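entry23.cif follows; it contains mmCIF, C-alpha atoms.
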data_model
#
loop_
_atom_site.group_PDB
_atom_site.id
_atom_site.type_symbol
_atom_site.label_atom_id
_atom_site.label_comp_id
_atom_site.auth_asym_id
_atom_site.auth_seq_id
_atom_site.Cartn_x
_atom_site.Cartn_y
_atom_site.Cartn_z
ATOM 1 C CA MET A 637 0.000 0.000 0.000
ATOM 2 C CA ASP A 638 1.156 3.549 -0.756
ATOM 3 C CA ASN A 639 2.688 4.888 2.472
ATOM 4 C CA ALA A 640 0.912 8.208 1.910
ATOM 5 C CA LEU A 641 -2.417 6.370 2.225
ATOM 6 C CA SER A 642 -1.568 4.418 5.376
ATOM 7 C CA VAL A 643 -3.734 5.331 8.367
ATOM 8 C CA ASP A 644 -2.284 6.986 11.461
ATOM 9 C CA LYS A 645 -3.990 4.918 14.172
ATOM 10 C CA ARG A 646 -3.141 7.389 16.928
ATOM 11 C CA LEU A 647 -4.925 10.126 15.017
ATOM 12 C CA VAL A 648 -7.891 7.814 14.377
ATOM 13 C CA ARG A 649 -8.161 7.093 18.106
ATOM 14 C CA THR A 650 -7.898 10.790 19.022
ATOM 15 C CA SER A 651 -10.418 11.866 16.377
ATOM 16 C CA PHE A 652 -13.039 9.357 17.476
ATOM 17 C CA ASP A 653 -12.430 10.154 21.141
ATOM 18 C CA ARG A 654 -13.151 13.818 20.452
ATOM 19 C CA ALA A 655 -16.210 13.001 18.344
ATOM 20 C CA ALA A 656 -17.807 10.552 20.780
ATOM 21 C CA ALA A 657 -20.116 12.997 22.572
ATOM 22 C CA GLY A 658 -21.791 14.282 19.404
ATOM 23 C CA TYR A 659 -21.322 11.252 17.182
ATOM 24 C CA ASP A 660 -24.852 9.856 17.220
ATOM 25 C CA ALA A 661 -26.421 13.136 16.115
ATOM 26 C CA ALA A 662 -24.169 13.328 13.040
ATOM 27 C CA ALA A 663 -23.804 9.644 12.088
ATOM 28 C CA VAL A 664 -26.727 9.507 9.651
ATOM 29 C CA LEU A 665 -24.982 7.138 7.234
ATOM 30 C CA GLN A 666 -23.720 4.831 9.971
ATOM 31 C CA HIS A 667 -27.188 4.464 11.508
ATOM 32 C CA GLU A 668 -28.822 3.812 8.142
ATOM 33 C CA VAL A 669 -26.269 1.189 7.105
ATOM 34 C CA CYS A 670 -26.599 -0.468 10.512
ATOM 35 C CA LYS A 671 -30.358 -0.756 9.968
ATOM 36 C CA ARG A 672 -29.828 -2.297 6.534
ATOM 37 C CA MET A 673 -27.299 -4.756 7.963
ATOM 38 C CA PHE A 674 -29.844 -5.984 10.473
ATOM 39 C CA GLY A 675 -32.297 -6.548 7.645
ATOM 40 C CA ARG A 676 -29.752 -8.888 6.055
ATOM 41 C CA LEU A 677 -28.965 -10.608 9.352
ATOM 42 C CA GLU A 678 -32.636 -11.498 9.786
ATOM 43 C CA LEU A 679 -32.310 -13.802 6.760
ATOM 44 C CA ILE A 680 -29.581 -15.883 8.408
ATOM 45 C CA LYS A 681 -30.228 -18.598 10.984
ATOM 46 C CA LEU A 682 -27.606 -18.440 13.703
ATOM 47 C CA GLU A 683 -27.556 -18.896 17.484
ATOM 48 C CA PRO A 684 -24.144 -17.708 18.670
ATOM 49 C CA ALA A 685 -22.912 -18.277 22.199
ATOM 50 C CA ALA A 686 -20.477 -15.366 21.879
ATOM 51 C CA LEU A 687 -20.291 -12.494 19.422
ATOM 52 C CA LEU A 688 -18.129 -9.453 18.775
ATOM 53 C CA ASP A 689 -19.175 -5.988 17.635
ATOM 54 C CA ALA A 690 -15.877 -5.000 16.001
ATOM 55 C CA GLY A 691 -15.668 -1.222 15.824
ATOM 56 C CA CYS A 692 -18.752 -0.695 17.975
ATOM 57 C CA GLY A 693 -18.498 3.112 18.099
ATOM 58 C CA THR A 694 -21.060 4.462 20.549
ATOM 59 C CA GLY A 695 -22.917 1.144 20.540
ATOM 60 C CA ASN A 696 -25.659 1.868 18.029
ATOM 61 C CA ALA A 697 -26.004 -1.877 17.312
ATOM 62 C CA THR A 698 -25.826 -3.039 20.937
ATOM 63 C CA ALA A 699 -29.528 -3.155 21.803
ATOM 64 C CA GLN A 700 -30.520 -4.922 18.582
ATOM 65 C CA LEU A 701 -27.706 -7.471 18.824
ATOM 66 C CA GLN A 702 -28.712 -8.272 22.402
ATOM 67 C CA SER A 703 -32.379 -8.489 21.418
ATOM 68 C CA ARG A 704 -31.580 -10.740 18.451
ATOM 69 C CA PHE A 705 -29.266 -12.987 20.501
ATOM 70 C CA PRO A 706 -30.433 -12.671 24.134
ATOM 71 C CA ARG A 707 -28.422 -15.662 25.417
ATOM 72 C CA ALA A 708 -25.153 -14.703 23.738
ATOM 73 C CA THR A 709 -22.199 -12.990 25.397
ATOM 74 C CA LEU A 710 -21.522 -9.730 23.544
ATOM 75 C CA TYR A 711 -18.052 -8.223 23.311
ATOM 76 C CA SER A 712 -17.960 -4.558 22.216
ATOM 77 C CA LEU A 713 -14.627 -3.514 20.715
ATOM 78 C CA ASP A 714 -13.433 -0.080 19.683
ATOM 79 C CA ILE A 715 -10.057 1.603 19.267
ATOM 80 C CA ALA A 716 -11.289 4.819 20.928
ATOM 81 C CA PRO A 717 -11.830 4.711 24.722
ATOM 82 C CA ALA A 718 -14.429 7.511 24.684
ATOM 83 C CA MET A 719 -16.499 5.692 22.071
ATOM 84 C CA LEU A 720 -16.361 2.547 24.160
ATOM 85 C CA ARG A 721 -17.470 4.410 27.306
ATOM 86 C CA HIS A 722 -20.524 5.722 25.431
ATOM 87 C CA ALA A 723 -21.295 2.203 24.217
ATOM 88 C CA MET A 724 -21.088 0.832 27.754
ATOM 89 C CA GLY A 725 -23.347 3.634 28.964
ATOM 90 C CA ARG A 726 -26.211 2.210 26.889
ATOM 91 C CA SER A 727 -26.542 -0.760 29.253
ATOM 92 C CA SER A 728 -29.303 -0.584 31.849
ATOM 93 C CA TRP A 729 -28.643 -1.078 35.558
ATOM 94 C CA TRP A 730 -30.350 -4.468 35.551
ATOM 95 C CA GLN A 731 -28.175 -5.669 32.643
ATOM 96 C CA ARG A 732 -25.104 -4.704 34.615
ATOM 97 C CA ALA A 733 -26.482 -6.273 37.796
ATOM 98 C CA ARG A 734 -27.200 -9.550 36.012
ATOM 99 C CA GLY A 735 -23.903 -9.597 34.138
ATOM 100 C CA ARG A 736 -25.674 -9.139 30.789
ATOM 101 C CA ALA A 737 -23.949 -5.905 29.815
ATOM 102 C CA PRO A 738 -21.516 -6.102 26.893
ATOM 103 C CA LYS A 739 -17.892 -6.887 27.702
ATOM 104 C CA PRO A 740 -15.766 -3.851 26.691
ATOM 105 C CA VAL A 741 -12.593 -4.401 24.669
ATOM 106 C CA CYS A 742 -10.477 -1.350 23.801
ATOM 107 C CA ALA A 743 -8.275 -2.564 20.964
ATOM 108 C CA ASP A 744 -7.410 -2.426 17.273
ATOM 109 C CA ILE A 745 -9.185 -4.856 14.920
ATOM 110 C CA GLU A 746 -5.785 -5.722 13.461
ATOM 111 C CA HIS A 747 -4.552 -6.943 16.871
ATOM 112 C CA LEU A 748 -7.396 -8.654 18.739
ATOM 113 C CA PRO A 749 -6.753 -9.469 22.429
ATOM 114 C CA LEU A 750 -9.118 -12.449 22.237
ATOM 115 C CA ARG A 751 -8.406 -16.160 22.347
ATOM 116 C CA SER A 752 -8.625 -18.248 19.214
ATOM 117 C CA GLN A 753 -11.993 -19.746 18.224
ATOM 118 C CA ALA A 754 -13.819 -17.789 20.944
ATOM 119 C CA LEU A 755 -16.610 -16.304 18.821
ATOM 120 C CA ASP A 756 -19.506 -17.570 16.743
ATOM 121 C CA LEU A 757 -20.394 -14.219 15.143
ATOM 122 C CA VAL A 758 -18.375 -11.126 14.304
ATOM 123 C CA TRP A 759 -20.393 -8.043 13.357
ATOM 124 C CA SER A 760 -18.598 -4.948 12.047
ATOM 125 C CA ASN A 761 -20.380 -1.886 10.710
ATOM 126 C CA LEU A 762 -18.270 0.678 8.792
ATOM 127 C CA ALA A 763 -15.043 0.060 10.700
ATOM 128 C CA LEU A 764 -12.823 -2.003 8.418
ATOM 129 C CA GLN A 765 -11.987 0.989 6.205
ATOM 130 C CA TRP A 766 -9.708 2.181 9.043
ATOM 131 C CA VAL A 767 -7.363 -0.822 8.972
ATOM 132 C CA ASN A 768 -3.959 -0.615 7.301
ATOM 133 C CA ASP A 769 -3.561 -4.286 6.422
ATOM 134 C CA PRO A 770 -6.963 -5.716 5.423
ATOM 135 C CA PRO A 771 -5.650 -9.239 4.616
ATOM 136 C CA HIS A 772 -4.117 -9.441 8.093
ATOM 137 C CA ALA A 773 -7.291 -8.025 9.668
ATOM 138 C CA PHE A 774 -9.397 -10.756 8.048
ATOM 139 C CA THR A 775 -6.890 -13.405 9.129
ATOM 140 C CA GLU A 776 -7.036 -12.062 12.681
ATOM 141 C CA LEU A 777 -10.842 -12.071 12.653
ATOM 142 C CA LYS A 778 -10.901 -15.659 11.437
ATOM 143 C CA ARG A 779 -8.446 -16.642 14.189
ATOM 144 C CA VAL A 780 -10.894 -15.635 16.928
ATOM 145 C CA MET A 781 -13.869 -17.337 15.272
ATOM 146 C CA ALA A 782 -15.034 -20.895 15.863
ATOM 147 C CA PRO A 783 -15.776 -23.310 12.997
ATOM 148 C CA GLY A 784 -19.220 -22.577 11.625
ATOM 149 C CA GLY A 785 -18.982 -18.945 12.715
ATOM 150 C CA LEU A 786 -20.224 -16.015 10.644
ATOM 151 C CA LEU A 787 -18.414 -12.788 9.800
ATOM 152 C CA MET A 788 -20.818 -10.017 8.765
ATOM 153 C CA PHE A 789 -19.531 -6.569 7.913
ATOM 154 C CA THR A 790 -19.879 -3.368 5.971
ATOM 155 C CA THR A 791 -17.134 -1.088 4.726
ATOM 156 C CA LEU A 792 -16.650 1.630 2.120
ATOM 157 C CA GLY A 793 -15.636 1.193 -1.514
ATOM 158 C CA PRO A 794 -13.461 3.287 -3.875
ATOM 159 C CA ASP A 795 -16.222 5.656 -5.060
ATOM 160 C CA THR A 796 -16.758 6.920 -1.513
ATOM 161 C CA LEU A 797 -16.418 10.725 -1.335
ATOM 162 C CA LYS A 798 -15.434 10.807 -4.992
ATOM 163 C CA GLU A 799 -16.695 14.369 -5.300
ATOM 164 C CA LEU A 800 -14.558 15.566 -2.395
ATOM 165 C CA ARG A 801 -11.524 13.737 -3.766
ATOM 166 C CA ALA A 802 -12.019 15.392 -7.158
ATOM 167 C CA ALA A 803 -12.456 18.817 -5.565
ATOM 168 C CA TYR A 804 -9.120 18.483 -3.772
ATOM 169 C CA ALA A 805 -7.261 16.903 -6.706
ATOM 170 C CA ALA A 806 -5.966 20.112 -8.262
ATOM 171 C CA THR A 807 -5.196 22.005 -5.060
ATOM 172 C CA ASP A 808 -1.996 20.363 -3.749
ATOM 173 C CA GLY A 809 0.000 17.130 -3.672
ATOM 174 C CA TYR A 810 -1.339 15.851 -0.355
ATOM 175 C CA THR A 811 -3.846 13.084 0.317
ATOM 176 C CA HIS A 812 -7.211 14.316 1.581
ATOM 177 C CA VAL A 813 -9.447 11.240 1.422
ATOM 178 C CA ASN A 814 -8.694 7.785 2.834
ATOM 179 C CA ARG A 815 -8.180 4.914 0.447
ATOM 180 C CA PHE A 816 -11.014 2.399 0.046
ATOM 181 C CA ILE A 817 -10.797 -1.144 -1.330
ATOM 182 C CA ASP A 818 -12.783 -2.659 -4.198
ATOM 183 C CA MET A 819 -15.484 -5.174 -3.311
ATOM 184 C CA HIS A 820 -13.953 -7.933 -5.451
ATOM 185 C CA ASP A 821 -10.566 -7.523 -3.801
ATOM 186 C CA ILE A 822 -12.204 -7.861 -0.392
ATOM 187 C CA GLY A 823 -13.838 -11.105 -1.518
ATOM 188 C CA ASP A 824 -10.429 -12.447 -2.559
ATOM 189 C CA MET A 825 -8.971 -11.441 0.819
ATOM 190 C CA LEU A 826 -11.699 -13.361 2.632
ATOM 191 C CA VAL A 827 -10.912 -16.514 0.666
ATOM 192 C CA HIS A 828 -7.175 -16.150 1.248
ATOM 193 C CA ALA A 829 -7.821 -15.691 4.978
ATOM 194 C CA GLY A 830 -9.614 -19.050 5.036
ATOM 195 C CA PHE A 831 -13.260 -17.972 5.018
ATOM 196 C CA ALA A 832 -15.776 -19.922 2.959
ATOM 197 C CA ASN A 833 -18.699 -18.903 0.761
ATOM 198 C CA PRO A 834 -18.121 -15.136 0.809
ATOM 199 C CA VAL A 835 -21.082 -13.077 -0.365
ATOM 200 C CA MET A 836 -20.391 -9.496 -1.442
ATOM 201 C CA ASP A 837 -22.832 -6.771 -2.401
ATOM 202 C CA MET A 838 -22.657 -3.024 -2.907
ATOM 203 C CA GLU A 839 -24.927 -0.001 -3.118
ATOM 204 C CA TYR A 840 -24.500 3.747 -3.396
ATOM 205 C CA ILE A 841 -25.924 6.031 -0.739
ATOM 206 C CA THR A 842 -25.814 9.748 -1.479
ATOM 207 C CA LEU A 843 -26.121 12.439 1.166
ATOM 208 C CA THR A 844 -26.631 16.038 0.090
ATOM 209 C CA TYR A 845 -25.402 19.296 1.583
ATOM 210 C CA ALA A 846 -25.958 23.005 1.159
ATOM 211 C CA ASP A 847 -22.221 23.558 0.706
ATOM 212 C CA ALA A 848 -18.878 21.767 0.943
ATOM 213 C CA ARG A 849 -18.139 23.055 4.434
ATOM 214 C CA ALA A 850 -21.309 21.419 5.753
ATOM 215 C CA LEU A 851 -19.991 18.055 4.514
ATOM 216 C CA MET A 852 -16.612 18.714 6.129
ATOM 217 C CA ARG A 853 -18.318 19.607 9.422
ATOM 218 C CA ASP A 854 -20.273 16.335 9.330
ATOM 219 C CA LEU A 855 -17.121 14.318 8.669
ATOM 220 C CA LYS A 856 -15.411 16.044 11.581
ATOM 221 C CA ALA A 857 -18.417 15.466 13.831
ATOM 222 C CA ILE A 858 -18.221 11.676 13.350
ATOM 223 C CA GLY A 859 -14.434 11.605 13.745
ATOM 224 C CA ALA A 860 -13.818 10.819 10.071
ATOM 225 C CA HIS A 861 -10.823 13.075 9.742
ATOM 226 C CA ASN A 862 -8.212 12.660 7.042
ATOM 227 C CA ALA A 863 -5.935 10.236 8.916
ATOM 228 C CA THR A 864 -3.627 9.335 6.022
ATOM 229 C CA ALA A 865 0.129 9.637 6.418
ATOM 230 C CA GLY A 866 0.211 11.908 3.366
ATOM 231 C CA ARG A 867 -2.210 14.456 4.789
ATOM 232 C CA PRO A 868 -1.233 18.121 5.084
ATOM 233 C CA ARG A 869 0.211 18.753 8.557
ATOM 234 C CA GLY A 870 -1.008 22.300 9.096
ATOM 235 C CA MET A 871 -4.207 24.244 8.693
ATOM 236 C CA THR A 872 -5.463 24.362 5.118
ATOM 237 C CA ALA A 873 -4.919 27.859 3.759
ATOM 238 C CA ARG A 874 -8.077 29.882 3.274
ATOM 239 C CA ALA A 875 -7.328 30.322 -0.438
ATOM 240 C CA ALA A 876 -6.839 26.574 -0.910
ATOM 241 C CA LEU A 877 -10.090 25.815 0.897
ATOM 242 C CA ALA A 878 -11.871 28.350 -1.306
ATOM 243 C CA ARG A 879 -10.543 26.497 -4.385
ATOM 244 C CA VAL A 880 -11.852 23.204 -3.008
ATOM 245 C CA GLU A 881 -15.284 24.744 -2.465
ATOM 246 C CA ALA A 882 -15.264 26.212 -5.966
ATOM 247 C CA ASN A 883 -14.216 22.872 -7.473
ATOM 248 C CA TYR A 884 -16.984 21.062 -5.613
ATOM 249 C CA GLU A 885 -19.606 23.343 -7.155
ATOM 250 C CA GLN A 886 -19.382 21.453 -10.458
ATOM 251 C CA PHE A 887 -21.347 18.630 -8.783
ATOM 252 C CA ARG A 888 -24.245 20.769 -7.564
ATOM 253 C CA ARG A 889 -27.640 19.423 -8.615
ATOM 254 C CA ASP A 890 -31.045 20.830 -7.702
ATOM 255 C CA GLY A 891 -29.426 23.313 -5.356
ATOM 256 C CA ARG A 892 -27.537 20.689 -3.299
ATOM 257 C CA LEU A 893 -24.044 19.196 -3.287
ATOM 258 C CA PRO A 894 -23.876 15.374 -3.271
ATOM 259 C CA ALA A 895 -21.531 13.221 -1.203
ATOM 260 C CA THR A 896 -21.413 9.671 -2.538
ATOM 261 C CA PHE A 897 -20.727 6.681 -0.304
ATOM 262 C CA GLU A 898 -20.087 3.285 -1.870
ATOM 263 C CA VAL A 899 -21.287 0.913 0.830
ATOM 264 C CA ILE A 900 -20.015 -2.664 0.637
ATOM 265 C CA TYR A 901 -21.852 -5.459 2.444
ATOM 266 C CA GLY A 902 -20.134 -8.774 3.032
ATOM 267 C CA HIS A 903 -20.491 -11.981 4.941
ATOM 268 C CA ALA A 904 -18.560 -15.229 5.018
ATOM 269 C CA TRP A 905 -18.380 -18.387 7.116
ATOM 270 C CA VAL A 906 -15.596 -20.138 8.962
ATOM 271 C CA PRO A 907 -15.621 -23.650 7.486
ATOM 272 C CA ALA A 908 -15.870 -26.639 9.771
ATOM 273 C CA PRO A 909 -12.872 -28.982 9.521
ATOM 274 C CA ARG A 910 -13.335 -31.994 7.272
ATOM 275 C CA VAL A 911 -13.294 -35.308 9.119
ATOM 276 C CA THR A 912 -13.255 -39.007 8.285
ATOM 277 C CA ALA A 913 -16.107 -41.347 9.164
ATOM 278 C CA ASP A 914 -14.451 -42.136 12.497
ATOM 279 C CA GLY A 915 -14.027 -38.466 13.371
ATOM 280 C CA ARG A 916 -10.380 -37.924 12.466
ATOM 281 C CA ARG A 917 -9.556 -34.587 10.872
ATOM 282 C CA ILE A 918 -8.577 -34.564 7.205
ATOM 283 C CA ILE A 919 -5.478 -32.482 6.496
ATOM 284 C CA ASP A 920 -4.684 -31.556 2.905
ATOM 285 C CA ILE A 921 -1.014 -31.996 1.997
ATOM 286 C CA LYS A 922 0.019 -30.135 -1.115
ATOM 287 C CA THR A 923 3.144 -31.294 -2.919
ATOM 288 C CA ALA A 924 5.153 -29.430 -5.496
ATOM 289 C CA PRO A 925 4.934 -30.695 -9.105
ATOM 290 C CA PRO A 926 7.872 -32.858 -10.201
ATOM 291 C CA ALA A 927 10.815 -31.008 -11.711
ATOM 292 C CA ARG A 928 11.210 -31.269 -15.456
#

Target format structure tokens, applied to this file:
Amino acid sequence: MDNALSVDKRLVRTSFDRAAAGYDAAAVLQHEVCKRMFGRLELIKLEPAALLDAGCGTGNATAQLQSRFPRATLYSLDIAPAMLRHAMGRSSWWQRARGRAPKPVCADIEHLPLRSQALDLVWSNLALQWVNDPPHAFTELKRVMAPGGLLMFTTLGPDTLKELRAAYAATDGYTHVNRFIDMHDIGDMLVHAGFANPVMDMEYITLTYADARALMRDLKAIGAHNATAGRPRGMTARAALARVEANYEQFRRDGRLPATFEVIYGHAWVPAPRVTADGRRIIDIKTAPPAR
């Protein structure tokens, strides 16, 4: 991956910490995609004993996950401590008293402090776009999942914020929008990580704004700062920002400026090991072709 597009995890943590208090009011896209994810989950029969909300944010999926799987132990993971505190604050006193509150885990998805094969379901809504090494992240997620477990996630594809990227393109040589991975490449990563039967889907969701600064304020409010290594390190000059706003105007339609989000939906299963009739595990041994 281009070093300029690598994500500064410390900045990601700080940005989401600062955004935690006002996140829910601004996270229109995140809430909508979460709702659509649950619609897809309803079609799948699964009774997990333990599940992980990977990148839980302020816990907008907590109540529904607990309602859908009332007997399961829920682990809520986020890289930002303030986000995690808000998520834990959603639990009622009786849930805490009965030990039914989610178990908080403050950690990076790329380095999970969980034992292997501990989970039957991993749910992750719009968090995987913040990882630097997606193949490793999927391998790490599979490590903590039991055979027969389900990984269900959403992330963002390459057309996300294409208007903003275009508006910045001619202003300087810095990166201003995070990099996003193509749906087909994600499917390949899942297979290489050892998942089975990956199902990938995509849709565009477009939000509209009165002006470019309103979009930038929304992105800041949800902690979605430019966290790339190639970002500009100081305040953007007023003249440069004016050029970005002027460039964005080419996309105005019906009096509003669009912001496109390419939302990718995916799910895949952890295959059960193959066994012989007497229960012994089958291990495939691959040999190199004979030399010619």

Given the file shown, determine the residues that the PyMOL selection byres ((chain A and resi 828-843) around 10) selects; report them as a PDB file with C-alpha atoms, keeping the file's coordinate frame.
ATOM      1  CA  VAL A 664     -26.727   9.507   9.651  1.00  0.00           C
ATOM      2  CA  LEU A 665     -24.982   7.138   7.234  1.00  0.00           C
ATOM      3  CA  GLU A 668     -28.822   3.812   8.142  1.00  0.00           C
ATOM      4  CA  VAL A 669     -26.269   1.189   7.105  1.00  0.00           C
ATOM      5  CA  PRO A 771      -5.650  -9.239   4.616  1.00  0.00           C
ATOM      6  CA  HIS A 772      -4.117  -9.441   8.093  1.00  0.00           C
ATOM      7  CA  ALA A 773      -7.291  -8.025   9.668  1.00  0.00           C
ATOM      8  CA  PHE A 774      -9.397 -10.756   8.048  1.00  0.00           C
ATOM      9  CA  THR A 775      -6.890 -13.405   9.129  1.00  0.00           C
ATOM     10  CA  GLU A 776      -7.036 -12.062  12.681  1.00  0.00           C
ATOM     11  CA  LEU A 777     -10.842 -12.071  12.653  1.00  0.00           C
ATOM     12  CA  LYS A 778     -10.901 -15.659  11.437  1.00  0.00           C
ATOM     13  CA  ARG A 779      -8.446 -16.642  14.189  1.00  0.00           C
ATOM     14  CA  PRO A 783     -15.776 -23.310  12.997  1.00  0.00           C
ATOM     15  CA  GLY A 784     -19.220 -22.577  11.625  1.00  0.00           C
ATOM     16  CA  GLY A 785     -18.982 -18.945  12.715  1.00  0.00           C
ATOM     17  CA  LEU A 786     -20.224 -16.015  10.644  1.00  0.00           C
ATOM     18  CA  LEU A 787     -18.414 -12.788   9.800  1.00  0.00           C
ATOM     19  CA  MET A 788     -20.818 -10.017   8.765  1.00  0.00           C
ATOM     20  CA  PHE A 789     -19.531  -6.569   7.913  1.00  0.00           C
ATOM     21  CA  THR A 790     -19.879  -3.368   5.971  1.00  0.00           C
ATOM     22  CA  THR A 791     -17.134  -1.088   4.726  1.00  0.00           C
ATOM     23  CA  LEU A 792     -16.650   1.630   2.120  1.00  0.00           C
ATOM     24  CA  GLY A 793     -15.636   1.193  -1.514  1.00  0.00           C
ATOM     25  CA  ASP A 795     -16.222   5.656  -5.060  1.00  0.00           C
ATOM     26  CA  THR A 796     -16.758   6.920  -1.513  1.00  0.00           C
ATOM     27  CA  LEU A 797     -16.418  10.725  -1.335  1.00  0.00           C
ATOM     28  CA  ASP A 818     -12.783  -2.659  -4.198  1.00  0.00           C
ATOM     29  CA  MET A 819     -15.484  -5.174  -3.311  1.00  0.00           C
ATOM     30  CA  HIS A 820     -13.953  -7.933  -5.451  1.00  0.00           C
ATOM     31  CA  ILE A 822     -12.204  -7.861  -0.392  1.00  0.00           C
ATOM     32  CA  GLY A 823     -13.838 -11.105  -1.518  1.00  0.00           C
ATOM     33  CA  ASP A 824     -10.429 -12.447  -2.559  1.00  0.00           C
ATOM     34  CA  MET A 825      -8.971 -11.441   0.819  1.00  0.00           C
ATOM     35  CA  LEU A 826     -11.699 -13.361   2.632  1.00  0.00           C
ATOM     36  CA  VAL A 827     -10.912 -16.514   0.666  1.00  0.00           C
ATOM     37  CA  THR A 844     -26.631  16.038   0.090  1.00  0.00           C
ATOM     38  CA  TYR A 845     -25.402  19.296   1.583  1.00  0.00           C
ATOM     39  CA  LEU A 851     -19.991  18.055   4.514  1.00  0.00           C
ATOM     40  CA  ARG A 892     -27.537  20.689  -3.299  1.00  0.00           C
ATOM     41  CA  LEU A 893     -24.044  19.196  -3.287  1.00  0.00           C
ATOM     42  CA  PRO A 894     -23.876  15.374  -3.271  1.00  0.00           C
ATOM     43  CA  ALA A 895     -21.531  13.221  -1.203  1.00  0.00           C
ATOM     44  CA  THR A 896     -21.413   9.671  -2.538  1.00  0.00           C
ATOM     45  CA  PHE A 897     -20.727   6.681  -0.304  1.00  0.00           C
ATOM     46  CA  GLU A 898     -20.087   3.285  -1.870  1.00  0.00           C
ATOM     47  CA  VAL A 899     -21.287   0.913   0.830  1.00  0.00           C
ATOM     48  CA  ILE A 900     -20.015  -2.664   0.637  1.00  0.00           C
ATOM     49  CA  TYR A 901     -21.852  -5.459   2.444  1.00  0.00           C
ATOM     50  CA  GLY A 902     -20.134  -8.774   3.032  1.00  0.00           C
ATOM     51  CA  HIS A 903     -20.491 -11.981   4.941  1.00  0.00           C
ATOM     52  CA  ALA A 904     -18.560 -15.229   5.018  1.00  0.00           C
ATOM     53  CA  TRP A 905     -18.380 -18.387   7.116  1.00  0.00           C
ATOM     54  CA  VAL A 906     -15.596 -20.138   8.962  1.00  0.00           C
ATOM     55  CA  PRO A 907     -15.621 -23.650   7.486  1.00  0.00           C
ATOM     56  CA  ALA A 908     -15.870 -26.639   9.771  1.00  0.00           C
TER      57      ALA A 908
END

Using all atoms listed in the file, which residues of range 758-846 of chain A come within 9 Å of range 853-867 of chain A, and what is the closest atom pair for each, with the distance in Å to one decimal? Give it as a Markdown table, sorted by chain and residue number.
| residue | atom | partner | partner_atom | distance |
| --- | --- | --- | --- | --- |
| A:Trp766 | CA | A:Ala863 | CA | 8.9 |
| A:Gly809 | CA | A:Gly866 | CA | 8.8 |
| A:Tyr810 | CA | A:Arg867 | CA | 5.4 |
| A:Thr811 | CA | A:Arg867 | CA | 5.0 |
| A:His812 | CA | A:Asn862 | CA | 5.8 |
| A:Val813 | CA | A:Asn862 | CA | 5.9 |
| A:Asn814 | CA | A:Thr864 | CA | 6.2 |
| A:Arg815 | CA | A:Thr864 | CA | 8.4 |

re CA of Pro749 in chain A and CA of Ala663 in chain A: distance 27.6 Å

Distance CA of Pro909 in chain A-CA of Ile680 in chain A, one decimal place?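 For CA of Pro909 in chain A relative to CA of Ile680 in chain A, the distance reads 21.3 Å.
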
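Using all atoms listed in the file, the shortest contact distance between Ala782 in chain A and any of A:Leu713, A:Cys670, A:Leu755, A:Leu687 is found at A:Leu755.
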
Computed gap from CA of Ser712 in chain A to CA of Leu764 in chain A is 14.9 Å

Evaluate the PyMOL selection byres ((chain A and resi 698) around 10) here and jot the selected residues down as JSON, numbers by chain. {"A": [689, 692, 693, 694, 695, 696, 697, 699, 700, 701, 702, 703, 704, 710, 711, 712, 723, 724, 726, 727, 737, 738]}
